[in-house]
>>> print(open('work-v7.pdb').read())   # PDB, C-alpha atoms
ATOM      1  CA  MET X  28     -35.493  59.651-109.725
ATOM      2  CA  GLN X  29     -36.044  59.723-105.963
ATOM      3  CA  THR X  30     -33.838  56.657-105.600
ATOM      4  CA  GLU X  31     -31.069  58.332-107.600
ATOM      5  CA  LEU X  32     -31.331  61.485-105.491
ATOM      6  CA  ALA X  33     -31.207  59.443-102.300
ATOM      7  CA  GLN X  34     -28.127  57.599-103.542
ATOM      8  CA  ALA X  35     -26.527  60.877-104.531
ATOM      9  CA  HIS X  36     -27.014  62.300-101.034
ATOM     10  CA  THR X  37     -25.940  59.118 -99.266
ATOM     11  CA  PRO X  38     -22.490  59.714 -97.767
ATOM     12  CA  PRO X  39     -19.789  57.282 -98.934
ATOM     13  CA  PRO X  40     -18.420  54.752 -96.434
ATOM     14  CA  PRO X  41     -15.505  56.036 -94.403
ATOM     15  CA  ALA X  42     -12.095  55.456 -95.928
ATOM     16  CA  GLY X  43     -10.234  52.607 -94.347
ATOM     17  CA  GLY X  44     -13.401  51.137 -92.846
ATOM     18  CA  PHE X  45     -13.769  47.424 -92.298
ATOM     19  CA  ASP X  46     -15.147  45.598 -95.352
ATOM     20  CA  ALA X  47     -16.284  42.111 -94.311
ATOM     21  CA  GLY X  48     -16.969  41.022 -97.877
ATOM     22  CA  GLU X  49     -13.497  41.987 -99.033
ATOM     23  CA  VAL X  50     -11.874  40.180 -96.098
ATOM     24  CA  ILE X  51     -13.873  36.988 -96.674
ATOM     25  CA  LEU X  52     -13.368  36.930-100.441
ATOM     26  CA  GLY X  53      -9.697  37.744 -99.997
ATOM     27  CA  HIS X  54      -9.310  34.773 -97.670
ATOM     28  CA  VAL X  55     -11.010  32.163 -99.864
ATOM     29  CA  SER X  56      -9.844  33.532-103.217
ATOM     30  CA  ASN X  57      -7.003  32.143-105.295
ATOM     31  CA  SER X  58      -6.219  35.101-107.530
ATOM     32  CA  HIS X  59      -2.889  36.165-106.018
ATOM     33  CA  PRO X  60      -0.021  34.489-107.944
ATOM     34  CA  LEU X  61       3.111  33.431-106.100
ATOM     35  CA  ILE X  62       5.168  32.656-109.190
ATOM     36  CA  HIS X  63       4.327  34.434-112.418
ATOM     37  CA  LEU X  64       4.532  32.290-115.556
ATOM     38  CA  PRO X  65       3.767  33.354-119.129
ATOM     39  CA  PRO X  66       0.340  32.300-120.434
ATOM     40  CA  ILE X  67       0.183  29.369-122.857
ATOM     41  CA  PHE X  68      -2.650  29.407-125.415
ATOM     42  CA  GLY X  69      -4.304  32.123-123.340
ATOM     43  CA  ILE X  70      -4.213  30.050-120.133
ATOM     44  CA  ASP X  71      -2.463  31.521-117.109
ATOM     45  CA  PHE X  72      -0.177  28.856-115.593
ATOM     46  CA  SER X  73       1.081  31.047-112.750
ATOM     47  CA  VAL X  74       1.511  29.253-109.426
ATOM     48  CA  THR X  75      -1.093  30.448-106.927
ATOM     49  CA  LYS X  76      -1.356  29.682-103.237
ATOM     50  CA  HIS X  77      -3.792  26.813-103.775
ATOM     51  CA  ILE X  78      -1.423  25.218-106.294
ATOM     52  CA  PHE X  79       1.408  25.644-103.808
ATOM     53  CA  MET X  80      -0.697  24.008-101.079
ATOM     54  CA  LEU X  81      -1.612  21.230-103.515
ATOM     55  CA  TRP X  82       2.063  20.483-104.086
ATOM     56  CA  LEU X  83       2.874  20.839-100.392
ATOM     57  CA  VAL X  84       0.209  18.320 -99.326
ATOM     58  CA  ALA X  85       1.119  15.864-102.104
ATOM     59  CA  VAL X  86       4.838  15.962-101.284
ATOM     60  CA  GLY X  87       4.171  15.873 -97.543
ATOM     61  CA  VAL X  88       1.914  12.804 -97.791
ATOM     62  CA  PHE X  89       4.324  11.001-100.128
ATOM     63  CA  VAL X  90       7.394  11.666 -97.982
ATOM     64  CA  THR X  91       5.666  10.866 -94.676
ATOM     65  CA  VAL X  92       4.077   7.603 -95.824
ATOM     66  CA  THR X  93       7.262   6.485 -97.600
ATOM     67  CA  TRP X  94       9.346   7.212 -94.506
ATOM     68  CA  ILE X  95       6.955   5.301 -92.214
ATOM     69  CA  VAL X  96       6.798   2.250 -94.501
ATOM     70  CA  ARG X  97      10.546   2.146 -95.192
ATOM     71  CA  ARG X  98      11.357   2.423 -91.505
ATOM     72  CA  TYR X  99       9.023  -0.489 -90.735
ATOM     73  CA  SER X 100      10.475  -2.562 -93.620
ATOM     74  CA  ARG X 101      13.913  -2.746 -91.993
ATOM     75  CA  PRO X 102      14.966  -6.261 -90.859
ATOM     76  CA  ASP X 103      15.245  -5.220 -87.207
ATOM     77  CA  ARG X 104      11.625  -4.044 -87.150
ATOM     78  CA  ILE X 105       9.245  -6.800 -86.053
ATOM     79  CA  VAL X 106       6.491  -4.929 -84.211
ATOM     80  CA  PRO X 107       5.086  -1.800 -85.897
ATOM     81  CA  ASP X 108       5.589   1.460 -84.037
ATOM     82  CA  LYS X 109       2.824   3.990 -83.335
ATOM     83  CA  ALA X 110       3.101   5.723 -86.710
ATOM     84  CA  MET X 111       2.915   2.445 -88.624
ATOM     85  CA  SER X 112       0.029   1.245 -86.460
ATOM     86  CA  VAL X 113      -1.968   4.397 -87.244
ATOM     87  CA  LEU X 114      -1.212   3.978 -90.949
ATOM     88  CA  GLU X 115      -2.311   0.338 -90.873
ATOM     89  CA  ILE X 116      -5.548   1.268 -89.107
ATOM     90  CA  GLY X 117      -6.271   3.877 -91.782
ATOM     91  CA  VAL X 118      -5.518   1.483 -94.645
ATOM     92  CA  GLU X 119      -7.657  -1.284 -93.164
ATOM     93  CA  PHE X 120     -10.507   1.156 -92.481
ATOM     94  CA  VAL X 121     -10.613   2.386 -96.073
ATOM     95  CA  ARG X 122     -10.225  -1.110 -97.512
ATOM     96  CA  ASN X 123     -12.695  -2.926 -95.245
ATOM     97  CA  SER X 124     -15.407  -0.288 -94.801
ATOM     98  CA  ILE X 125     -15.316   1.591 -98.108
ATOM     99  CA  ILE X 126     -13.729  -0.396-100.924
ATOM    100  CA  GLU X 127     -14.514  -4.074-100.365
ATOM    101  CA  PRO X 128     -18.246  -3.640 -99.597
ATOM    102  CA  TYR X 129     -18.826  -1.776-102.877
ATOM    103  CA  VAL X 130     -16.022  -2.746-105.251
ATOM    104  CA  GLY X 131     -15.815  -6.346-104.085
ATOM    105  CA  HIS X 132     -13.009  -8.545-102.825
ATOM    106  CA  HIS X 133     -11.915  -9.552-106.339
ATOM    107  CA  TRP X 134     -11.138  -5.953-107.378
ATOM    108  CA  SER X 135     -10.133  -4.711-103.930
ATOM    109  CA  LYS X 136      -6.375  -5.019-104.436
ATOM    110  CA  THR X 137      -6.655  -3.339-107.841
ATOM    111  CA  TRP X 138      -8.444  -0.171-106.734
ATOM    112  CA  THR X 139      -7.450   0.165-103.072
ATOM    113  CA  PRO X 140      -4.167   2.044-103.802
ATOM    114  CA  LEU X 141      -5.909   4.703-105.897
ATOM    115  CA  LEU X 142      -8.947   5.179-103.666
ATOM    116  CA  LEU X 143      -6.765   5.149-100.553
ATOM    117  CA  SER X 144      -4.543   7.840-102.101
ATOM    118  CA  LEU X 145      -7.618   9.982-102.794
ATOM    119  CA  PHE X 146      -8.806   9.552 -99.200
ATOM    120  CA  VAL X 147      -5.464  10.419 -97.597
ATOM    121  CA  PHE X 148      -4.784  13.369 -99.900
ATOM    122  CA  ILE X 149      -8.247  14.900 -99.450
ATOM    123  CA  LEU X 150      -8.133  14.350 -95.686
ATOM    124  CA  CYS X 151      -4.734  16.050 -95.356
ATOM    125  CA  ALA X 152      -5.656  18.893 -97.730
ATOM    126  CA  ASN X 153      -8.861  19.498 -95.772
ATOM    127  CA  ALA X 154      -7.123  19.325 -92.402
ATOM    128  CA  ILE X 155      -4.264  21.684 -93.209
ATOM    129  CA  GLY X 156      -6.793  24.392 -93.983
ATOM    130  CA  LEU X 157      -7.902  24.336 -90.341
ATOM    131  CA  VAL X 158      -4.410  25.106 -89.037
ATOM    132  CA  PRO X 159      -3.798  28.894 -88.934
ATOM    133  CA  ILE X 160      -0.211  28.610 -90.178
ATOM    134  CA  PHE X 161      -0.322  31.579 -92.512
ATOM    135  CA  ASP X 162      -2.284  33.730 -90.065
ATOM    136  CA  VAL X 163       0.547  33.303 -87.561
ATOM    137  CA  LEU X 164       3.068  34.066 -90.314
ATOM    138  CA  ALA X 165       1.077  37.198 -91.202
ATOM    139  CA  LEU X 166       1.339  38.426 -87.607
ATOM    140  CA  ALA X 167       5.046  37.633 -87.567
ATOM    141  CA  ASP X 168       5.503  39.488 -90.842
ATOM    142  CA  HIS X 169       3.567  42.506 -89.599
ATOM    143  CA  TYR X 170       5.491  42.905 -86.352
ATOM    144  CA  LEU X 171       8.875  41.257 -86.979
ATOM    145  CA  ILE X 172       9.789  40.261 -90.533
ATOM    146  CA  HIS X 173       8.393  43.155 -92.651
ATOM    147  CA  SER X 174       8.840  41.330 -95.950
ATOM    148  CA  PRO X 175       8.723  43.481 -99.111
ATOM    149  CA  GLU X 176       5.608  43.684-101.254
ATOM    150  CA  GLY X 177       5.653  41.330-104.209
ATOM    151  CA  SER X 178       7.922  38.795-102.511
ATOM    152  CA  PHE X 179       7.134  35.077-102.433
ATOM    153  CA  PHE X 180       6.689  35.148 -98.654
ATOM    154  CA  LYS X 181       4.266  38.080 -98.843
ATOM    155  CA  GLY X 182       2.254  36.199-101.460
ATOM    156  CA  LEU X 183       1.860  33.244 -99.120
ATOM    157  CA  LEU X 184      -0.027  35.462 -96.686
ATOM    158  CA  HIS X 185      -2.849  36.180 -99.164
ATOM    159  CA  GLY X 186      -5.823  33.888 -99.653
ATOM    160  CA  GLY X 187      -6.933  30.646 -98.053
ATOM    161  CA  ALA X 188      -4.803  27.575 -97.492
ATOM    162  CA  THR X 189      -7.451  24.920 -98.199
ATOM    163  CA  ALA X 190      -6.654  23.571-101.650
ATOM    164  CA  THR X 191      -9.821  21.453-101.667
ATOM    165  CA  GLY X 192     -11.837  24.654-101.304
ATOM    166  CA  ASN X 193     -10.846  25.449-104.892
ATOM    167  CA  PHE X 194     -13.245  24.118-107.512
ATOM    168  CA  ASN X 195     -10.381  23.543-109.959
ATOM    169  CA  VAL X 196      -8.670  21.189-107.497
ATOM    170  CA  THR X 197     -11.827  19.253-106.699
ATOM    171  CA  ALA X 198     -12.659  19.087-110.413
ATOM    172  CA  GLY X 199      -9.265  17.482-111.023
ATOM    173  CA  LEU X 200      -9.908  14.932-108.277
ATOM    174  CA  ALA X 201     -13.377  14.264-109.664
ATOM    175  CA  MET X 202     -11.946  13.679-113.146
ATOM    176  CA  VAL X 203      -9.582  11.081-111.679
ATOM    177  CA  SER X 204     -12.630   9.356-110.215
ATOM    178  CA  PHE X 205     -14.521   9.698-113.523
ATOM    179  CA  PHE X 206     -11.798   8.059-115.615
ATOM    180  CA  THR X 207     -11.356   5.407-112.925
ATOM    181  CA  ILE X 208     -15.008   4.440-113.398
ATOM    182  CA  ILE X 209     -14.570   4.122-117.163
ATOM    183  CA  ILE X 210     -11.304   2.163-116.852
ATOM    184  CA  ALA X 211     -12.800  -0.173-114.238
ATOM    185  CA  GLY X 212     -15.804  -0.961-116.418
ATOM    186  CA  THR X 213     -13.620  -1.364-119.499
ATOM    187  CA  ARG X 214     -11.284  -3.808-117.733
ATOM    188  CA  GLN X 215     -14.221  -5.909-116.595
ATOM    189  CA  TYR X 216     -16.403  -5.945-119.726
ATOM    190  CA  GLY X 217     -14.610  -4.055-122.504
ATOM    191  CA  PHE X 218     -15.264  -0.456-123.510
ATOM    192  CA  PHE X 219     -18.361  -0.889-125.660
ATOM    193  CA  SER X 220     -19.883  -3.502-123.365
ATOM    194  CA  HIS X 221     -19.318  -1.109-120.460
ATOM    195  CA  LEU X 222     -21.262   1.586-122.294
ATOM    196  CA  LYS X 223     -24.051  -0.905-123.036
ATOM    197  CA  ASN X 224     -24.215  -1.753-119.336
ATOM    198  CA  LEU X 225     -25.241   1.810-118.519
ATOM    199  CA  VAL X 226     -28.834   0.884-119.409
ATOM    200  CA  PRO X 227     -30.779  -2.255-118.423
ATOM    201  CA  LYS X 228     -31.198  -4.987-121.003
ATOM    202  CA  GLY X 229     -34.456  -6.402-122.355
ATOM    203  CA  LEU X 230     -36.478  -3.179-122.431
ATOM    204  CA  PRO X 231     -38.680  -2.124-125.367
ATOM    205  CA  GLY X 232     -36.808  -0.229-128.069
ATOM    206  CA  PRO X 233     -38.552   3.172-127.677
ATOM    207  CA  ILE X 234     -37.599   3.251-123.982
ATOM    208  CA  TYR X 235     -33.915   3.409-124.908
ATOM    209  CA  ILE X 236     -34.493   6.666-126.808
ATOM    210  CA  LEU X 237     -35.194   8.309-123.452
ATOM    211  CA  LEU X 238     -33.074   6.121-121.212
ATOM    212  CA  VAL X 239     -29.727   6.327-123.035
ATOM    213  CA  PRO X 240     -29.433  10.175-122.890
ATOM    214  CA  ILE X 241     -30.521  10.145-119.250
ATOM    215  CA  GLU X 242     -27.892   7.550-118.295
ATOM    216  CA  LEU X 243     -25.149   9.367-120.237
ATOM    217  CA  LEU X 244     -26.116  12.596-118.505
ATOM    218  CA  GLY X 245     -26.032  10.785-115.161
ATOM    219  CA  LEU X 246     -22.522   9.542-115.953
ATOM    220  CA  LEU X 247     -21.364  13.109-116.625
ATOM    221  CA  VAL X 248     -23.142  14.503-113.555
ATOM    222  CA  ARG X 249     -21.143  12.263-111.196
ATOM    223  CA  PRO X 250     -17.836  14.199-111.399
ATOM    224  CA  PHE X 251     -19.768  17.484-111.230
ATOM    225  CA  ALA X 252     -21.468  16.373-108.011
ATOM    226  CA  LEU X 253     -18.140  15.259-106.503
ATOM    227  CA  THR X 254     -16.589  18.605-107.469
ATOM    228  CA  MET X 255     -19.298  20.808-106.005
ATOM    229  CA  ARG X 256     -19.868  18.822-102.807
ATOM    230  CA  LEU X 257     -16.241  18.848-101.653
ATOM    231  CA  ALA X 258     -15.346  22.412-102.659
ATOM    232  CA  ALA X 259     -18.574  23.957-101.380
ATOM    233  CA  ASN X 260     -18.340  22.262 -97.980
ATOM    234  CA  MET X 261     -14.695  23.231 -97.466
ATOM    235  CA  THR X 262     -15.265  26.831 -98.578
ATOM    236  CA  GLY X 263     -18.521  27.275 -96.679
ATOM    237  CA  GLY X 264     -16.968  26.552 -93.306
ATOM    238  CA  HIS X 265     -14.268  29.202 -93.728
ATOM    239  CA  ILE X 266     -16.826  31.765 -94.900
ATOM    240  CA  ALA X 267     -19.038  31.038 -91.886
ATOM    241  CA  VAL X 268     -16.182  31.439 -89.381
ATOM    242  CA  LEU X 269     -14.941  34.669 -90.981
ATOM    243  CA  ALA X 270     -18.462  36.103 -91.177
ATOM    244  CA  ILE X 271     -19.039  35.389 -87.481
ATOM    245  CA  LEU X 272     -15.709  36.926 -86.434
ATOM    246  CA  SER X 273     -16.423  39.966 -88.612
ATOM    247  CA  PHE X 274     -19.127  41.015 -86.148
ATOM    248  CA  VAL X 275     -16.361  42.136 -83.786
ATOM    249  CA  PHE X 276     -15.099  44.764 -86.235
ATOM    250  CA  ILE X 277     -18.549  45.663 -87.570
ATOM    251  CA  PHE X 278     -19.898  46.454 -84.106
ATOM    252  CA  THR X 279     -16.688  48.280 -83.230
ATOM    253  CA  GLU X 280     -17.352  50.688 -86.109
ATOM    254  CA  MET X 281     -21.103  50.907 -85.401
ATOM    255  CA  LEU X 282     -20.662  51.646 -81.696
ATOM    256  CA  GLY X 283     -17.572  53.781 -82.187
ATOM    257  CA  THR X 284     -15.672  51.979 -79.441
ATOM    258  CA  ALA X 285     -13.498  48.898 -79.295
ATOM    259  CA  ILE X 286     -15.117  47.816 -76.015
ATOM    260  CA  GLY X 287     -18.421  47.135 -77.788
ATOM    261  CA  GLY X 288     -16.736  45.010 -80.436
ATOM    262  CA  ILE X 289     -14.753  43.099 -77.824
ATOM    263  CA  GLY X 290     -17.937  42.447 -75.869
ATOM    264  CA  ILE X 291     -19.693  41.084 -78.954
ATOM    265  CA  GLY X 292     -16.650  38.948 -79.621
ATOM    266  CA  LEU X 293     -16.500  37.461 -76.139
ATOM    267  CA  VAL X 294     -20.236  36.861 -75.841
ATOM    268  CA  PHE X 295     -21.159  35.858 -79.393
ATOM    269  CA  SER X 296     -18.449  35.673 -82.076
ATOM    270  CA  VAL X 297     -15.667  33.681 -80.419
ATOM    271  CA  PRO X 298     -17.889  30.954 -78.859
ATOM    272  CA  LEU X 299     -19.887  30.519 -82.053
ATOM    273  CA  ALA X 300     -16.771  30.544 -84.238
ATOM    274  CA  ALA X 301     -15.181  27.929 -81.967
ATOM    275  CA  ALA X 302     -18.301  25.761 -82.317
ATOM    276  CA  VAL X 303     -18.258  26.094 -86.103
ATOM    277  CA  SER X 304     -14.541  25.277 -86.145
ATOM    278  CA  GLY X 305     -15.264  22.129 -84.133
ATOM    279  CA  LEU X 306     -17.918  21.231 -86.682
ATOM    280  CA  GLU X 307     -15.338  21.826 -89.400
ATOM    281  CA  ILE X 308     -13.155  19.076 -87.921
ATOM    282  CA  ILE X 309     -16.028  16.658 -88.476
ATOM    283  CA  VAL X 310     -16.581  18.032 -91.990
ATOM    284  CA  VAL X 311     -12.905  17.425 -92.817
ATOM    285  CA  LEU X 312     -13.279  13.736 -92.009
ATOM    286  CA  VAL X 313     -16.746  13.322 -93.499
ATOM    287  CA  GLN X 314     -15.918  14.945 -96.844
ATOM    288  CA  ALA X 315     -12.830  12.784 -97.374
ATOM    289  CA  TYR X 316     -14.917   9.740 -96.480
ATOM    290  CA  VAL X 317     -17.864  10.714 -98.709
ATOM    291  CA  PHE X 318     -15.695  11.494-101.752
ATOM    292  CA  THR X 319     -13.907   8.153-101.463
ATOM    293  CA  LEU X 320     -17.130   6.292-100.703
ATOM    294  CA  LEU X 321     -18.954   7.688-103.739
ATOM    295  CA  SER X 322     -15.956   6.945-105.953
ATOM    296  CA  ALA X 323     -15.952   3.356-104.667
ATOM    297  CA  VAL X 324     -19.709   3.063-105.242
ATOM    298  CA  PHE X 325     -19.372   4.298-108.831
ATOM    299  CA  VAL X 326     -16.484   1.908-109.513
ATOM    300  CA  GLY X 327     -18.495  -0.933-107.995
ATOM    301  CA  MET X 328     -21.451  -0.083-110.238
ATOM    302  CA  ALA X 329     -19.112  -0.240-113.243
ATOM    303  CA  VAL X 330     -17.548  -3.630-112.415
ATOM    304  CA  HIS X 331     -20.778  -5.216-111.157
ATOM    305  CA  ALA X 332     -23.216  -4.088-113.817
ATOM    306  CA  ASP X 333     -25.210  -7.311-113.490
ATOM    307  CA  HIS X 334     -26.106  -6.351-109.903
TER     308      HIS X 334
END
>>> encode(input="work-v7.pdb", output="structure tokens")
Amino acid sequence: MQTELAQAHTPPPPAGGFDAGEVILGHVSNSHPLIHLPPIFGIDFSVTKHIFMLWLVAVGVFVTVTWIVRRYSRPDRIVPDKAMSVLEIGVEFVRNSIIEPYVGHHWSKTWTPLLLSLFVFILCANAIGLVPIFDVLALADHYLIHSPEGSFFKGLLHGGATATGNFNVTAGLAMVSFFTIIIAGTRQYGFFSHLKNLVPKGLPGPIYILLVPIELLGLLVRPFALTMRLAANMTGGHIAVLAILSFVFIFTEMLGTAIGGIGIGLVFSVPLAAAVSGLEIIVVLVQAYVFTLLSAVFVGMAVHADH
């Protein structure tokens, strides 16, 4: 009763006050549709910002890589230019340090295109989330453009731009890796032999009663782990930066003056947010590497069951 009375006499927060939680969730959320589509079987297929960024990264990577390779394939091109040299370094890095050590030289040419595509796509999708493109567009819209509410351009200004921070996107990538594991094992041994290879041979019969469910569960846990690791790391960095920068506005309201908030920003928020953003650059590279590495390890385990 005392708690209810205290809550009843607690004044509500001032209207129009800064809500850090709403700002952070609004930035990382994916609930604002850009293109409304009718639901099919109860599933909403509307195009959200993360879907738009997914398409943008996929098309951008395809067009850029195709343009670089086609330009180098011309008869008058003997020495690769800078763009082709960077692309070759990336391809050789993924092939020599990730795929061949775990998948093996025999299957390297088979699975390098797919695993390389995963690496490049995830790297670009992670990296584009660090570029404040839509924040700059939001400022331009506020002061110059004044686009109408409900327009496609206004929708682009809502939510985060990191597609790999969406669990649905990372789940789709993880399912590609999951089916790749099954296909790789099936091509090497056959489907049923691949399933038999999940457990060691020559063990006593009762052991298999416990071991088979555990190994099947482990097979299903792999895409879940890939999904959660990538999405959580990419979302966590944005939340940390926004939470740190929110101190500027929180202390402005607490102290009742903008000078206090600016001081907190200069002394604490901006330096720490810059440090976290620098760490995010490393996370962008590491998460693309780890996702591809684990996929290569799982494929290697499928095609080299005897090891």
>>> atom_distance(input="work-v7.pdb", atom1="CA of Pro227 in chain X", atom2="CA of Leu243 in chain X")
13.0 Å
>>> closest_residue(input="work-v7.pdb", among="X:Ile125, X:Leu321, X:Ala85, X:Ala329", to="Ala201 in chain X", atoms="all atoms listed in the file")
X:Leu321
>>> residues_around(input="work-v7.pdb", residues="Leu114 in chain X", least_positions_apart="6", cutoff="9 Å", atoms="only C-alpha atoms", output="list of chain:residue names")
X:Val92, X:Ile95, X:Val96
>>> resolve_selection(input="work-v7.pdb", expression="the PyMOL selection byres ((chain X and resi 309-314) around 7)", output="JSON, numbers by chain")
{"X": [150, 153, 154, 257, 306, 307, 308, 315, 316, 317, 318]}
>>> write_last_selection(input="work-v7.pdb", atoms="C-alpha atoms", output="short mmCIF file (atom, residue, chain, number, x, y, z; two decimals), in the frame of the given file")
data_model
loop_
_atom_site.label_atom_id
_atom_site.label_comp_id
_atom_site.auth_asym_id
_atom_site.auth_seq_id
_atom_site.Cartn_x
_atom_site.Cartn_y
_atom_site.Cartn_z
CA LEU X 150 -8.13 14.35 -95.69
CA ASN X 153 -8.86 19.50 -95.77
CA ALA X 154 -7.12 19.32 -92.40
CA LEU X 257 -16.24 18.85 -101.65
CA LEU X 306 -17.92 21.23 -86.68
CA GLU X 307 -15.34 21.83 -89.40
CA ILE X 308 -13.16 19.08 -87.92
CA ALA X 315 -12.83 12.78 -97.37
CA TYR X 316 -14.92 9.74 -96.48
CA VAL X 317 -17.86 10.71 -98.71
CA PHE X 318 -15.70 11.49 -101.75
#
>>> closest_residue(input="work-v7.pdb", among="X:Ile277, X:Leu52, X:Val239, X:Val326", to="Tyr129 in chain X", atoms="all atoms listed in the file")
X:Val326
>>> residues_around(input="work-v7.pdb", residues="Ser296 in chain X", least_positions_apart="3", cutoff="8 Å", atoms="all atoms listed in the file", output="ChimeraX atom specification")
/X:271-272,274-275,291-293,299-300
>>> residues_near_point(input="work-v7.pdb", point="(-7.0, 13.9, -101.5)", cutoff="10 Å", atoms="only C-alpha atoms", output="CSV table (one decimal) with C-alpha atoms, in the frame of the given file")
chain,number,residue,atom,x,y,z
X,81,LEU,CA,-1.6,21.2,-103.5
X,84,VAL,CA,0.2,18.3,-99.3
X,85,ALA,CA,1.1,15.9,-102.1
X,88,VAL,CA,1.9,12.8,-97.8
X,142,LEU,CA,-8.9,5.2,-103.7
X,143,LEU,CA,-6.8,5.1,-100.6
X,144,SER,CA,-4.5,7.8,-102.1
X,145,LEU,CA,-7.6,10.0,-102.8
X,146,PHE,CA,-8.8,9.6,-99.2
X,147,VAL,CA,-5.5,10.4,-97.6
X,148,PHE,CA,-4.8,13.4,-99.9
X,149,ILE,CA,-8.2,14.9,-99.4
X,150,LEU,CA,-8.1,14.4,-95.7
X,151,CYS,CA,-4.7,16.0,-95.4
X,152,ALA,CA,-5.7,18.9,-97.7
X,153,ASN,CA,-8.9,19.5,-95.8
X,190,ALA,CA,-6.7,23.6,-101.6
X,191,THR,CA,-9.8,21.5,-101.7
X,196,VAL,CA,-8.7,21.2,-107.5
X,197,THR,CA,-11.8,19.3,-106.7
X,200,LEU,CA,-9.9,14.9,-108.3
X,315,ALA,CA,-12.8,12.8,-97.4
X,318,PHE,CA,-15.7,11.5,-101.8
X,319,THR,CA,-13.9,8.2,-101.5
>>> atom_distance(input="work-v7.pdb", atom1="CA of Phe89 in chain X", atom2="CA of Arg256 in chain X")
25.6 Å
>>> residues_near_point(input="work-v7.pdb", point="(-15.9, -3.7, -101.8)", cutoff="12 Å", atoms="all atoms listed in the file", output="JSON, numbers by chain")
{"X": [120, 121, 122, 123, 124, 125, 126, 127, 128, 129, 130, 131, 132, 133, 134, 135, 136, 137, 138, 139, 142, 320, 321, 322, 323, 324, 325, 326, 327, 328, 330, 331]}
>>> atom_distance(input="work-v7.pdb", atom1="CA of Ala167 in chain X", atom2="CA of His185 in chain X")
14.1 Å
>>> build_atoms(input="work-v7.pdb", residues="range 191-207 of chain X", atoms="N, CA and C atoms", output="PDB file, keeping the file's coordinate frame")
ATOM      1  N   THR X 191      -8.570  22.097-101.282  1.00  0.00           N
ATOM      2  CA  THR X 191      -9.821  21.453-101.667  1.00  0.00           C
ATOM      3  C   THR X 191     -11.017  22.399-101.597  1.00  0.00           C
ATOM      4  N   GLY X 192     -10.808  23.641-101.202  1.00  0.00           N
ATOM      5  CA  GLY X 192     -11.837  24.654-101.304  1.00  0.00           C
ATOM      6  C   GLY X 192     -11.847  25.317-102.664  1.00  0.00           C
ATOM      7  N   ASN X 193     -10.929  24.916-103.536  1.00  0.00           N
ATOM      8  CA  ASN X 193     -10.846  25.449-104.892  1.00  0.00           C
ATOM      9  C   ASN X 193     -11.538  24.473-105.832  1.00  0.00           C
ATOM     10  N   PHE X 194     -12.476  24.975-106.622  1.00  0.00           N
ATOM     11  CA  PHE X 194     -13.245  24.118-107.512  1.00  0.00           C
ATOM     12  C   PHE X 194     -12.374  23.486-108.600  1.00  0.00           C
ATOM     13  N   ASN X 195     -11.280  24.130-108.968  1.00  0.00           N
ATOM     14  CA  ASN X 195     -10.381  23.543-109.959  1.00  0.00           C
ATOM     15  C   ASN X 195      -9.694  22.293-109.402  1.00  0.00           C
ATOM     16  N   VAL X 196      -9.316  22.346-108.131  1.00  0.00           N
ATOM     17  CA  VAL X 196      -8.670  21.189-107.497  1.00  0.00           C
ATOM     18  C   VAL X 196      -9.656  20.036-107.369  1.00  0.00           C
ATOM     19  N   THR X 197     -10.847  20.320-106.860  1.00  0.00           N
ATOM     20  CA  THR X 197     -11.827  19.253-106.699  1.00  0.00           C
ATOM     21  C   THR X 197     -12.292  18.717-108.042  1.00  0.00           C
ATOM     22  N   ALA X 198     -12.312  19.570-109.075  1.00  0.00           N
ATOM     23  CA  ALA X 198     -12.659  19.087-110.413  1.00  0.00           C
ATOM     24  C   ALA X 198     -11.601  18.117-110.925  1.00  0.00           C
ATOM     25  N   GLY X 199     -10.325  18.401-110.637  1.00  0.00           N
ATOM     26  CA  GLY X 199      -9.265  17.482-111.023  1.00  0.00           C
ATOM     27  C   GLY X 199      -9.389  16.146-110.316  1.00  0.00           C
ATOM     28  N   LEU X 200      -9.700  16.173-109.019  1.00  0.00           N
ATOM     29  CA  LEU X 200      -9.908  14.932-108.277  1.00  0.00           C
ATOM     30  C   LEU X 200     -11.116  14.175-108.805  1.00  0.00           C
ATOM     31  N   ALA X 201     -12.175  14.912-109.138  1.00  0.00           N
ATOM     32  CA  ALA X 201     -13.377  14.264-109.664  1.00  0.00           C
ATOM     33  C   ALA X 201     -13.122  13.641-111.032  1.00  0.00           C
ATOM     34  N   MET X 202     -12.265  14.260-111.843  1.00  0.00           N
ATOM     35  CA  MET X 202     -11.946  13.679-113.146  1.00  0.00           C
ATOM     36  C   MET X 202     -11.139  12.401-112.992  1.00  0.00           C
ATOM     37  N   VAL X 203     -10.290  12.335-111.974  1.00  0.00           N
ATOM     38  CA  VAL X 203      -9.582  11.081-111.679  1.00  0.00           C
ATOM     39  C   VAL X 203     -10.590   9.990-111.367  1.00  0.00           C
ATOM     40  N   SER X 204     -11.581  10.318-110.541  1.00  0.00           N
ATOM     41  CA  SER X 204     -12.630   9.356-110.215  1.00  0.00           C
ATOM     42  C   SER X 204     -13.436   8.980-111.449  1.00  0.00           C
ATOM     43  N   PHE X 205     -13.725   9.941-112.309  1.00  0.00           N
ATOM     44  CA  PHE X 205     -14.521   9.698-113.523  1.00  0.00           C
ATOM     45  C   PHE X 205     -13.816   8.718-114.456  1.00  0.00           C
ATOM     46  N   PHE X 206     -12.538   8.957-114.721  1.00  0.00           N
ATOM     47  CA  PHE X 206     -11.798   8.059-115.615  1.00  0.00           C
ATOM     48  C   PHE X 206     -11.557   6.699-114.947  1.00  0.00           C
ATOM     49  N   THR X 207     -11.477   6.684-113.626  1.00  0.00           N
ATOM     50  CA  THR X 207     -11.356   5.407-112.925  1.00  0.00           C
ATOM     51  C   THR X 207     -12.596   4.552-113.159  1.00  0.00           C
TER      52      THR X 207
END
